[in-house]
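Shown below: input.cif, with mmCIF, C-alpha atoms and all ligand atoms.
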data_input
loop_
_atom_site.label_atom_id
_atom_site.label_comp_id
_atom_site.auth_asym_id
_atom_site.auth_seq_id
_atom_site.Cartn_x
_atom_site.Cartn_y
_atom_site.Cartn_z
CA MET A 1 101.52 9.96 147.02
CA PRO A 2 98.03 10.98 145.81
CA THR A 3 97.48 10.90 142.03
CA ASN A 4 94.54 11.43 139.69
CA HIS A 5 94.52 7.70 139.02
CA PRO A 6 94.92 6.08 142.39
CA ASP A 7 95.88 2.44 142.56
CA TYR A 8 92.95 1.35 144.73
CA SER A 9 94.19 -2.24 145.06
CA ALA A 10 97.53 -1.14 146.48
CA ILE A 11 95.96 1.54 148.66
CA LEU A 12 93.42 -0.87 150.16
CA GLU A 13 96.21 -3.38 150.84
CA THR A 14 98.13 -0.63 152.67
CA ILE A 15 95.04 0.18 154.73
CA TRP A 16 94.51 -3.52 155.48
CA SER A 17 98.12 -3.90 156.67
CA GLU A 18 97.67 -0.90 158.99
CA VAL A 19 94.29 -1.99 160.32
CA ALA A 20 95.00 -5.72 160.82
CA PRO A 21 97.20 -5.28 163.92
CA ARG A 22 94.56 -2.96 165.43
CA LEU A 23 91.50 -5.20 164.99
CA GLY A 24 89.26 -5.03 168.04
CA GLU A 25 89.84 -1.33 168.78
CA GLY A 26 86.86 0.59 170.13
CA LYS A 27 83.84 -0.64 172.02
CA VAL A 28 80.84 -2.46 170.54
CA ALA A 29 77.43 -0.86 171.11
CA ASP A 30 75.95 -2.62 174.11
CA TYR A 31 72.76 -0.63 174.70
CA ILE A 32 71.18 -2.93 172.10
CA PRO A 33 71.85 -6.26 173.87
CA GLN A 34 72.05 -8.27 170.65
CA LEU A 35 74.81 -6.00 169.28
CA ALA A 36 76.83 -6.45 172.49
CA THR A 37 77.56 -10.01 171.36
CA ASP A 38 79.35 -8.83 168.17
CA ASN A 39 83.01 -9.76 167.91
CA PRO A 40 84.82 -6.39 167.77
CA ALA A 41 87.82 -7.88 165.91
CA GLN A 42 86.21 -7.71 162.48
CA PHE A 43 86.82 -5.36 159.56
CA GLY A 44 85.66 -5.08 155.98
CA MET A 45 85.90 -2.39 153.31
CA ALA A 46 84.65 -2.01 149.75
CA VAL A 47 85.17 0.73 147.17
CA TYR A 48 82.68 0.77 144.29
CA ARG A 49 83.86 3.08 141.54
CA LEU A 50 81.53 4.72 139.07
CA ASN A 51 83.25 2.86 136.25
CA GLY A 52 81.96 -0.37 137.85
CA GLU A 53 85.28 -1.46 139.39
CA LEU A 54 85.00 -3.00 142.86
CA PHE A 55 87.86 -3.19 145.36
CA GLN A 56 87.56 -4.90 148.71
CA ILE A 57 89.54 -6.02 151.74
CA GLY A 58 88.80 -8.02 154.88
CA GLN A 59 85.28 -9.24 155.57
CA ALA A 60 83.63 -7.20 152.84
CA HIS A 61 81.04 -9.97 152.34
CA THR A 62 80.04 -10.39 156.00
CA ARG A 63 76.66 -8.86 156.78
CA PHE A 64 76.37 -6.54 159.76
CA SER A 65 73.65 -4.48 161.42
CA ALA A 66 73.26 -1.30 159.37
CA GLN A 67 71.48 0.60 162.18
CA SER A 68 71.68 4.36 161.55
CA VAL A 69 73.13 3.86 158.08
CA THR A 70 69.54 2.98 157.11
CA LYS A 71 68.55 6.55 158.04
CA LEU A 72 70.27 7.66 154.84
CA PHE A 73 68.13 5.41 152.68
CA ALA A 74 64.93 6.19 154.58
CA LEU A 75 65.63 9.90 154.07
CA ALA A 76 66.37 9.37 150.37
CA LEU A 77 63.08 7.49 149.97
CA ALA A 78 61.06 10.16 151.79
CA TYR A 79 62.83 12.92 149.83
CA MET A 80 62.19 11.11 146.56
CA ARG A 81 58.48 10.76 147.38
CA ASP A 82 57.66 14.01 149.20
CA GLY A 83 60.41 16.40 148.06
CA ASP A 84 60.95 19.56 150.08
CA ASP A 85 57.67 19.10 152.01
CA ILE A 86 59.63 16.99 154.50
CA TRP A 87 61.47 20.11 155.72
CA ALA A 88 58.29 21.45 157.32
CA ARG A 89 58.78 18.79 160.00
CA LEU A 90 62.52 18.64 160.57
CA GLY A 91 65.65 20.71 160.10
CA ARG A 92 68.98 20.30 158.37
CA GLU A 93 71.37 21.67 160.96
CA PRO A 94 73.97 19.70 162.89
CA SER A 95 72.76 19.08 166.43
CA GLY A 96 76.14 19.10 168.18
CA ASN A 97 74.58 16.56 170.53
CA PRO A 98 74.62 12.76 170.74
CA PHE A 99 72.37 10.97 168.25
CA ASN A 100 69.86 9.93 170.91
CA SER A 101 69.71 13.19 172.86
CA LEU A 102 66.39 14.70 173.97
CA VAL A 103 67.63 18.08 175.14
CA GLN A 104 67.05 20.22 172.02
CA LEU A 105 63.74 18.61 171.21
CA GLU A 106 61.91 20.17 174.16
CA TYR A 107 62.93 23.77 173.54
CA GLU A 108 62.75 23.41 169.74
CA ARG A 109 59.14 22.27 170.16
CA GLY A 110 59.37 18.76 168.77
CA ILE A 111 61.12 19.69 165.50
CA PRO A 112 64.30 17.58 165.23
CA ARG A 113 67.50 19.30 164.13
CA ASN A 114 68.16 16.91 161.26
CA PRO A 115 67.04 13.57 159.75
CA PHE A 116 70.04 11.60 161.07
CA ILE A 117 69.65 12.02 164.81
CA ASN A 118 67.12 9.54 166.19
CA ALA A 119 64.39 12.17 166.56
CA GLY A 120 64.67 13.15 162.89
CA ALA A 121 64.82 9.55 161.74
CA LEU A 122 61.63 8.82 163.70
CA VAL A 123 59.90 11.71 161.87
CA ILE A 124 61.09 10.25 158.55
CA THR A 125 59.70 6.85 159.61
CA ASP A 126 56.42 8.59 160.44
CA ILE A 127 56.36 10.29 157.01
CA LEU A 128 56.97 6.94 155.32
CA ALA A 129 54.42 5.20 157.56
CA SER A 130 51.77 7.59 156.24
CA ARG A 131 52.61 6.46 152.70
CA TYR A 132 53.35 2.76 153.07
CA VAL A 133 51.63 0.03 155.08
CA GLY A 134 55.03 -1.18 156.27
CA SER A 135 57.52 1.68 156.11
CA GLU A 136 60.40 -0.60 157.08
CA ILE A 137 59.55 -2.96 154.23
CA ALA A 138 59.53 0.01 151.84
CA VAL A 139 63.01 0.99 153.08
CA LEU A 140 64.27 -2.60 152.73
CA GLN A 141 62.94 -2.86 149.18
CA PHE A 142 64.43 0.52 148.33
CA ILE A 143 67.87 -0.53 149.60
CA ARG A 144 67.65 -3.75 147.58
CA GLN A 145 66.74 -1.70 144.49
CA LEU A 146 69.65 0.70 145.08
CA CYS A 147 71.92 -2.32 145.37
CA GLY A 148 70.89 -3.51 141.91
CA LYS A 149 68.28 -6.18 142.69
CA ASP A 150 66.09 -5.26 139.73
CA ALA A 151 69.12 -5.44 137.43
CA GLY A 152 70.07 -8.86 138.82
CA ILE A 153 73.34 -7.51 140.26
CA GLY A 154 72.55 -8.40 143.90
CA GLY A 155 70.82 -7.11 146.96
CA ASP A 156 68.22 -9.88 147.27
CA LEU A 157 69.83 -11.25 150.42
CA ILE A 158 69.70 -7.96 152.29
CA ASP A 159 67.11 -8.48 155.01
CA PHE A 160 65.95 -7.62 158.52
CA ASP A 161 67.66 -9.26 161.47
CA LEU A 162 64.56 -9.75 163.59
CA LYS A 163 66.58 -10.79 166.66
CA VAL A 164 68.33 -7.41 166.60
CA ALA A 165 65.02 -5.61 166.00
CA ALA A 166 63.36 -7.37 168.96
CA SER A 167 66.38 -6.74 171.17
CA GLU A 168 66.36 -3.02 170.33
CA LEU A 169 62.61 -2.71 170.80
CA GLN A 170 62.89 -4.10 174.34
CA THR A 171 65.42 -1.46 175.34
CA ALA A 172 64.19 1.44 173.15
CA HIS A 173 63.23 3.62 176.11
CA ARG A 174 64.93 6.73 174.74
CA ASN A 175 63.40 6.34 171.30
CA PHE A 176 59.98 5.93 172.91
CA ALA A 177 60.61 9.04 175.00
CA ILE A 178 61.67 11.02 171.90
CA ALA A 179 58.65 9.79 169.94
CA HIS A 180 56.24 10.60 172.79
CA LEU A 181 57.65 14.11 173.07
CA MET A 182 57.24 14.69 169.33
CA LYS A 183 53.72 13.22 169.42
CA ASP A 184 52.87 15.71 172.17
CA PHE A 185 54.16 18.56 169.99
CA GLY A 186 52.04 17.28 167.09
CA ASN A 187 54.98 16.14 164.95
CA LEU A 188 54.00 12.46 164.63
CA ARG A 189 50.93 11.40 162.63
CA ASN A 190 51.03 7.70 163.44
CA THR A 191 51.05 6.02 166.84
CA VAL A 192 54.24 6.10 168.87
CA SER A 193 54.31 2.31 169.12
CA ALA A 194 53.90 1.81 165.34
CA VAL A 195 56.62 4.34 164.52
CA VAL A 196 59.19 3.02 167.02
CA ARG A 197 58.49 -0.59 166.01
CA SER A 198 58.99 0.16 162.28
CA TYR A 199 62.08 2.22 163.07
CA CYS A 200 63.69 -0.62 165.07
CA ARG A 201 63.01 -3.07 162.25
CA GLN A 202 64.43 -0.66 159.70
CA CYS A 203 67.60 -0.24 161.80
CA SER A 204 68.02 -4.03 162.00
CA ILE A 205 68.57 -4.36 158.24
CA ALA A 206 71.75 -6.37 157.70
CA LEU A 207 74.00 -5.95 154.67
CA ASN A 208 77.66 -6.23 153.79
CA CYS A 209 80.23 -3.67 152.62
CA VAL A 210 79.94 -4.60 148.95
CA GLU A 211 76.15 -4.22 149.07
CA LEU A 212 76.38 -0.98 151.04
CA ALA A 213 78.89 0.59 148.68
CA ARG A 214 76.70 -0.28 145.71
CA ALA A 215 73.57 0.99 147.46
CA GLY A 216 75.28 4.33 148.13
CA SER A 217 76.73 4.72 144.65
CA PHE A 218 73.77 6.71 143.25
CA LEU A 219 74.76 9.52 145.62
CA ALA A 220 78.19 9.69 144.00
CA ASN A 221 76.51 9.59 140.58
CA HIS A 222 74.25 12.67 140.70
CA GLY A 223 71.32 10.66 142.10
CA THR A 224 71.29 8.16 139.22
CA LEU A 225 71.74 4.37 139.29
CA LEU A 226 74.95 3.40 137.55
CA TRP A 227 73.70 0.30 135.77
CA ASP A 228 70.55 1.63 134.07
CA ASN A 229 70.80 5.42 134.43
CA SER A 230 67.44 5.58 136.21
CA THR A 231 66.98 8.65 138.37
CA ILE A 232 66.44 8.11 142.08
CA LEU A 233 66.99 11.74 143.08
CA SER A 234 67.62 14.84 141.01
CA ASP A 235 71.16 16.14 140.78
CA SER A 236 70.35 18.91 143.21
CA GLN A 237 68.62 16.56 145.67
CA ALA A 238 71.66 14.26 145.62
CA LYS A 239 73.89 17.26 146.28
CA ARG A 240 71.72 18.18 149.25
CA LEU A 241 71.76 14.70 150.75
CA ASN A 242 75.55 14.71 150.48
CA ALA A 243 75.60 18.06 152.28
CA ILE A 244 73.46 16.70 155.11
CA MET A 245 75.71 13.64 155.37
CA LEU A 246 78.76 15.88 155.65
CA THR A 247 77.29 18.14 158.32
CA CYS A 248 75.14 15.66 160.28
CA GLY A 249 75.98 12.08 159.20
CA THR A 250 78.39 11.34 162.03
CA TYR A 251 76.49 13.27 164.73
CA ASP A 252 78.39 15.40 167.22
CA ALA A 253 81.62 14.22 165.60
CA ALA A 254 80.66 15.54 162.14
CA GLY A 255 83.13 18.42 162.32
CA ASP A 256 86.01 16.20 163.35
CA PHE A 257 85.03 13.58 160.77
CA ALA A 258 85.03 16.23 158.01
CA TYR A 259 88.43 17.43 159.27
CA ARG A 260 89.91 13.94 159.26
CA VAL A 261 88.16 12.24 156.33
CA GLY A 262 86.73 15.04 154.20
CA LEU A 263 83.81 13.08 152.75
CA PRO A 264 80.04 13.03 153.21
CA ALA A 265 79.27 9.91 155.24
CA LYS A 266 76.66 8.13 157.32
CA SER A 267 77.56 5.91 160.26
CA GLY A 268 75.71 3.36 162.37
CA VAL A 269 76.25 1.77 165.78
CA GLY A 270 76.70 -1.62 164.10
CA GLY A 271 80.10 -0.20 163.05
CA GLY A 272 79.26 0.49 159.41
CA ILE A 273 79.97 3.73 157.56
CA VAL A 274 79.09 4.61 153.98
CA ALA A 275 81.06 7.50 152.47
CA ILE A 276 80.62 9.24 149.13
CA ILE A 277 83.36 10.50 146.82
CA PRO A 278 81.19 12.54 144.42
CA GLY A 279 81.84 11.69 140.79
CA GLU A 280 84.25 8.91 141.74
CA ALA A 281 83.05 6.16 144.10
CA ALA A 282 81.02 5.04 147.09
CA VAL A 283 82.91 3.44 149.94
CA ALA A 284 81.63 1.18 152.70
CA VAL A 285 83.60 0.19 155.75
CA TRP A 286 82.69 -1.89 158.77
CA ALA A 287 84.40 -2.50 162.11
CA PRO A 288 82.12 -2.98 165.15
CA GLY A 289 84.34 -1.21 167.71
CA LEU A 290 83.03 2.35 168.19
CA ASP A 291 84.66 5.56 169.38
CA ALA A 292 83.20 7.90 172.00
CA SER A 293 80.78 9.43 169.46
CA HIS A 294 79.48 6.00 168.45
CA ASN A 295 81.19 6.02 165.06
CA SER A 296 83.33 3.04 164.01
CA ALA A 297 86.86 3.70 165.29
CA LEU A 298 88.79 1.67 162.71
CA GLY A 299 86.24 2.50 160.02
CA THR A 300 86.90 6.21 160.47
CA TYR A 301 90.66 5.56 160.45
CA ALA A 302 90.39 3.53 157.23
CA LEU A 303 88.42 6.30 155.50
CA LYS A 304 90.93 8.90 156.64
CA ARG A 305 93.74 6.83 155.15
CA LEU A 306 91.76 6.31 151.94
CA THR A 307 91.32 10.02 151.34
CA ASP A 308 94.95 10.76 152.32
CA LEU A 309 96.35 8.07 150.03
CA THR A 310 94.06 8.65 147.03
CA GLY A 311 93.88 12.43 147.32
CA HIS A 312 90.14 12.05 146.71
CA SER A 313 88.08 14.05 149.18
CA ILE A 314 85.66 16.90 148.63
CA PHE A 315 88.23 19.42 149.84
O1 LIG A 401 68.04 4.14 167.54
C1 LIG A 401 69.12 3.66 167.82
O2 LIG A 401 69.70 3.97 168.86
C2 LIG A 401 69.77 2.70 166.86
N1 LIG A 401 68.79 1.88 166.21
C3 LIG A 401 70.56 3.39 165.80
C4 LIG A 401 71.60 4.33 166.34
C5 LIG A 401 72.79 4.50 165.48
O3 LIG A 401 73.15 3.67 164.70
C6 LIG A 401 73.58 5.72 165.74
N2 LIG A 401 74.80 5.68 164.95
N3 LIG A 401 75.92 5.88 165.17
#

Could you rewrite the structure in this file as structure tokens?
Ligand code: DON
Amino acid sequence: MPTNHPDYSAILETIWSEVAPRLGEGKVADYIPQLATDNPAQFGMAVYRLNGELFQIGQAHTRFSAQSVTKLFALALAYMRDGDDIWARLGREPSGNPFNSLVQLEYERGIPRNPFINAGALVITDILASRYVGSEIAVLQFIRQLCGKDAGIGGDLIDFDLKVAASELQTAHRNFAIAHLMKDFGNLRNTVSAVVRSYCRQCSIALNCVELARAGSFLANHGTLLWDNSTILSDSQAKRLNAIMLTCGTYDAAGDFAYRVGLPAKSGVGGGIVAIIPGEAAVAVWAPGLDASHNSALGTYALKRLTDLTGHSIF
């Protein structure tokens, strides 16, 4: 029964007991050969509350490939640096298409629908590449900062997985095609090869659920880091990122995800999802088996149960 003061320990134990017999559900991403070797029977979850309490179950300390979850942090960094100027080069509408689709890009003249599909994330990489010598290093350092590295809380061990990055780069034909199309329309400033290479490295960043929940917590906290009150994004920018997560963060399944879970979230093909309960907590979940829309199958289930059992969703 939902209450205003949910017992997170008990609720997470309930979720764990429901998920444990189902470990291995879904299909690991195999279009990145290195991810195809992941054991699907893994699961971790962490809830980081704004009062500093941390709750976790399963393999919450096992690092996994963040993949598209990094698009959230790359967007936050670009938004922090360039503000609303970024919207001249990409939209904020759900695409209703798979994350790696090319179809809209041709007739929308190289302007991606949103920053979370691959086309939009490549534009964000390009924006960052015009500011930083290594845009992927800037994103990595930003994630470490959001995780509390400067405050000595953690985050120092978050790093690239260069095997995953190399594996993706070898098979990144669609991302190259998307980048070439955008270059032709004049929406990439840097070379296609530099942008795709940085993007693949950024996507290879590996972190665990505890680190991911902490890194996302500023979005639950009006754009401000919990431990030192420093502002990453303004209140209104944080609100807007949450809105884009809700409408676009889980791709062509965003409507169904909002229906089932009711939280802004960002997923990745490594099986991770970060979800935001504004004013309350950030939640990270990881299970490598994916559903048909490439979102973690058990991860989505766990988040649905969390919002049902706590009564905390945005609706
Ligand atoms: O570009 C790609 O295909 C991957 N590096 C990231 C895709 C991804 O995580 C989509 N998420 N569900």

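Ranking A:Ala215, A:Val283, A:Ile277, A:Ala166 by their shortest atom-to-atom distance to ligand LIG 401 (chain A), with only C-alpha atoms and all ligand atoms included, puts A:Ala166 first.
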
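Closest to A:Thr37 among A:Ala172, A:Ala194, A:Pro288, A:Gly83 is A:Pro288, based on only C-alpha atoms.
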
Taking 2 positions as the minimum chain separation for residues in the same chain, which residues sit within 10 Å of A:Asn97 when counting all atoms listed in the file? Answer as number ranges by chain. A: 94-95, 99-104, 113, 117, 251-253, 293

Axis-aligned box over every listed atom of ligand LIG 401 (chain A), padded by 5 Å per side: centre and edges in Å to one decimal, as lines of an AutoDock Vina configuration file?
center_x = 72.0
center_y = 3.9
center_z = 166.8
size_x = 17.9
size_y = 14.0
size_z = 14.2

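Candidate residues A:Ala29, A:Val192, A:Ala238, A:Ala46 were compared for distance to ligand LIG 401 (chain A), and the nearest is A:Ala29, using all atoms listed in the file.
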
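When all atoms listed in the file are used to compute distances to ligand LIG 401 (chain A), the closest of the residues A:Ser198, A:Thr310, A:Gln145, A:Asn295 turns out to be A:Asn295.
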
Could you list, with a cut-off of 7 Å and counting only C-alpha atoms and all ligand atoms, the residues of chain A near ligand LIG 401 (chain A), each shown with its nearest atom pair and the distance in Å rounded to one decimal, rows sorted by chain and ascending number, as JSON lines?
{"residue": "A:Gln67", "atom": "CA", "partner": "A:LIG401", "partner_atom": "O3", "distance": 4.3}
{"residue": "A:Ser68", "atom": "CA", "partner": "A:LIG401", "partner_atom": "O3", "distance": 3.5}
{"residue": "A:Val69", "atom": "CA", "partner": "A:LIG401", "partner_atom": "O3", "distance": 6.6}
{"residue": "A:Phe99", "atom": "CA", "partner": "A:LIG401", "partner_atom": "C6", "distance": 5.9}
{"residue": "A:Asn100", "atom": "CA", "partner": "A:LIG401", "partner_atom": "O2", "distance": 6.3}
{"residue": "A:Asn118", "atom": "CA", "partner": "A:LIG401", "partner_atom": "O1", "distance": 5.6}
{"residue": "A:Glu168", "atom": "CA", "partner": "A:LIG401", "partner_atom": "N1", "distance": 6.8}
{"residue": "A:Asn175", "atom": "CA", "partner": "A:LIG401", "partner_atom": "O1", "distance": 6.4}
{"residue": "A:Cys200", "atom": "CA", "partner": "A:LIG401", "partner_atom": "N1", "distance": 5.8}
{"residue": "A:Cys203", "atom": "CA", "partner": "A:LIG401", "partner_atom": "N1", "distance": 5.0}
{"residue": "A:Thr250", "atom": "CA", "partner": "A:LIG401", "partner_atom": "N3", "distance": 6.8}
{"residue": "A:Ser267", "atom": "CA", "partner": "A:LIG401", "partner_atom": "N3", "distance": 5.2}
{"residue": "A:Gly268", "atom": "CA", "partner": "A:LIG401", "partner_atom": "O3", "distance": 3.5}
{"residue": "A:Val269", "atom": "CA", "partner": "A:LIG401", "partner_atom": "O3", "distance": 3.8}
{"residue": "A:Gly270", "atom": "CA", "partner": "A:LIG401", "partner_atom": "O3", "distance": 6.4}
{"residue": "A:His294", "atom": "CA", "partner": "A:LIG401", "partner_atom": "N3", "distance": 4.8}
{"residue": "A:Asn295", "atom": "CA", "partner": "A:LIG401", "partner_atom": "N3", "distance": 5.3}
